[in-house]
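Taking it in order: structure first as structure tokens, then the write-up.
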Amino acid sequence: MSTPAPQWQHPEPHPSLEALRGPYVPDGMVWIDGGVFVMGSDQFYPEEAPAHLVAVSSFAMDITAVTNAAFARFVEATGYITLAERPLDPKLYPGAKPELMVPGALVFSAPRRPVRIDDFHLWWRYVPGACWSHPEGPGTTIEQRMDHPVVQVAFEDAQAYAQWAGKVLPTEAEWEYAARGALHAAAYAWGDELTPGGIHMANTWQGDFPWRNTCADGYEGTAPVMSFPPNGYGLFEMTGNVWEWTTDWYRPKHKQPNLHKSCCVPADPHGPSVEHSYDPCMPKTRIPRKVLKGGSYLCAPNYCRRYRPAARYPQMIDTATGHIGFRCAVRESPR
């Protein structure tokens with residue numbers, strides 16, 4: 001069983017939150033003034049390149065990822081049934097095994113010994129009955145995890161919650177701008193060191209992924225929200241803990257900026273069209289992909305150094321997993 005990380009404890013309430021929230025922003029959000037920043041990176045993974053200037057307008061962002069408690073209130077109020085709880089359409093999965101054509105989701109299962117890290121099938125398994133309220137499958141519960149981020153939510157589930165809450169899901173540019181917390185040149189949301197002074201600043205994987213996790217940060221799976229220090233905007237766990245959905249369709253690289261118009265910075269970009277998000281390596285599976293941001297508790301230096309604001313990853317919109325959640329945004333300050 002995981003134990004809370006001993007390295008950092010925030011006071012209750014965090015003293016910066018009221019000042020950051022502002023008088024016209026919904027409770028649990030902070031207002032972020034717009035600006036220009038360098039989006040992407042040329043230093044890590046190719047899909048993050050090229051680094052380029054982007055302008056974003058002001059918006060508000062949830063202080064934390066949406067929790068199990070908040071999602072439970074949504075389900076109770078609306079009767080909503082998540083994608084992982086619905087029967088699958090065989091037309092979308094030609095050639096799929098019959099035992100996989102039942103409601104369920106992907107669950108992480110750590111191997112007991114070292115394995116090759118180029119085949120995710122060695123640690124992910126499809127579990128019938130796994131869903132947001134039973135994240136690891138039948139017999140598991142969220143009763144002791146109500147303050148953890150909700151997981152096993154597909155893109156449309158996150159979007160449905162946002163609409164119910166009177167909010168939206170952020171674009172990739174909005175999400176990355178918020179995650180940087182005004183440290184626009186730093187590798188991480190808190191600076192350029194992964195563990196400054198030996199303190200773990202995010203819930204990630206320590207040890208040899210996927211079979212040995214030392215849990216030096218205090219957690220084996222998801223952590224309660226607000227377990228780690230906030231960034232410069234007062235946002236918690238923008239990296240690590242769980243990946244988060246954005247509204248942008250995925251392309252393998254950022255759009256190359258127009259070098260002949262250096263004065264023209266893209267304003268509030270929204271990514272490519274859906275046609276560009278299909279995987280050309282999977283022509284028979286026409287499931288489009290959205291951009292995930294932030295990395296998760298499964299990101300490790302030997303496998304996935306994506307616990308950074310610039311990091312991005314494609315996720316098919318039909319899939320729910322135990323390491324993907326979301327948070328919401330508001331683009332107009334209600335007065």
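Convention: chains lettered A, B, ... in structure tokens order; per-chain residue numbering from 1; ligands numbered from 1 as shown.
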
Considering only C-alpha atoms, return as number ranges by chain whatever protein or nucleic-acid residues lie within 9 Å of A:Pro269, sequence-local ones (same chain, fewer than 4 positions apart) excluded.
A: 54-56, 171-174

Need the shell around A:Leu298: protein/DNA/RNA residues with any atom at most 10 Å away, counting only C-alpha atoms. Skip same-chain ones fewer than 5 positions apart. Format as a list of chain:residue names?
A:Phe108, A:Asn203, A:Thr204, A:Trp205, A:Gln206, A:Phe209, A:Pro210, A:Asn213, A:Glu220, A:Gly221, A:Thr222, A:Gly240, A:Asn241, A:Val242, A:Trp243, A:Tyr303, A:Cys304, A:Arg305, A:Arg306, A:Tyr307, A:His323

Since we have the selection now, will you write its residues out, keeping N, CA and C atoms, as a compact mmCIF listing (two decimals), in the first residue's frame?
# COMPACT_ATOMS: atom_id res chain seq x y z
N PHE A 108 -3.09 -1.17 -15.77
CA PHE A 108 -1.66 -1.44 -15.68
C PHE A 108 -1.41 -2.65 -14.78
N ASN A 203 4.35 13.12 -8.99
CA ASN A 203 4.14 11.68 -8.82
C ASN A 203 4.54 10.96 -10.10
N THR A 204 5.73 10.40 -10.10
CA THR A 204 6.24 9.69 -11.26
C THR A 204 6.77 8.33 -10.82
N TRP A 205 7.42 7.62 -11.72
CA TRP A 205 7.95 6.28 -11.44
C TRP A 205 9.42 6.38 -11.09
N GLN A 206 9.81 5.82 -9.96
CA GLN A 206 11.22 5.71 -9.60
C GLN A 206 11.62 4.23 -9.65
N PHE A 209 11.21 0.86 -14.90
CA PHE A 209 9.89 0.61 -15.50
C PHE A 209 10.00 -0.57 -16.45
N PRO A 210 8.97 -1.47 -16.51
CA PRO A 210 7.69 -1.41 -15.80
C PRO A 210 7.57 -2.35 -14.60
N ASN A 213 9.17 -0.42 -9.01
CA ASN A 213 8.93 0.96 -8.62
C ASN A 213 9.31 1.10 -7.14
N GLU A 220 2.61 4.59 -5.28
CA GLU A 220 2.77 3.56 -6.31
C GLU A 220 1.82 3.82 -7.47
N GLY A 221 0.59 4.22 -7.15
CA GLY A 221 -0.40 4.55 -8.17
C GLY A 221 -0.69 6.04 -8.14
N THR A 222 -1.95 6.41 -8.34
CA THR A 222 -2.31 7.82 -8.29
C THR A 222 -2.17 8.35 -6.86
N GLY A 240 2.94 14.62 -14.07
CA GLY A 240 2.88 13.46 -13.20
C GLY A 240 1.46 13.17 -12.75
N ASN A 241 1.30 12.15 -11.96
CA ASN A 241 0.01 11.67 -11.44
C ASN A 241 -0.84 11.07 -12.55
N VAL A 242 -1.54 11.89 -13.35
CA VAL A 242 -2.31 11.35 -14.48
C VAL A 242 -2.12 12.23 -15.71
N TRP A 243 -2.10 11.59 -16.88
CA TRP A 243 -2.19 12.34 -18.13
C TRP A 243 -3.52 13.09 -18.15
N TYR A 303 12.01 5.11 -19.57
CA TYR A 303 10.95 4.75 -20.52
C TYR A 303 10.21 5.96 -21.08
N CYS A 304 9.80 6.88 -20.23
CA CYS A 304 8.90 7.95 -20.67
C CYS A 304 9.16 9.20 -19.86
N ARG A 305 10.04 10.06 -20.34
CA ARG A 305 10.36 11.29 -19.62
C ARG A 305 9.39 12.39 -20.02
N ARG A 306 8.11 12.10 -19.86
CA ARG A 306 7.09 13.04 -20.32
C ARG A 306 6.40 13.76 -19.17
N TYR A 307 7.04 13.83 -18.03
CA TYR A 307 6.51 14.60 -16.90
C TYR A 307 6.98 16.04 -17.02
N HIS A 323 -4.44 5.63 -16.13
CA HIS A 323 -3.51 6.73 -15.87
C HIS A 323 -3.86 7.99 -16.65

For A:Tyr313: contacts at 8 Å, only C-alpha atoms, fewer than 3 positions along chain excluded, given as a ChimeraX atom specification:
/A:250,291-293

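DSSP annotation of stretch 78-316 of chain A from backbone atoms: strand (DSSP E) residues are Gly104, Ala105, Leu106, Val107, Phe108, Trp124, Arg125, Tyr126, Val127, Pro128, Trp243, Glu244, Trp245, Thr246, Thr247, Asp248, Trp249, Arg289, Lys290, Val291, Leu292, Lys293, Arg312, Tyr313, Pro314, Gln315 and Met316 of chain A.
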
Env of A:Gly191: 10 Å cut, atoms = only C-alpha atoms, seq-sep filter 6 positions within chain, self excluded. Answer as a PyMOL selection string.
chain A and resi 180-181+183-185+231
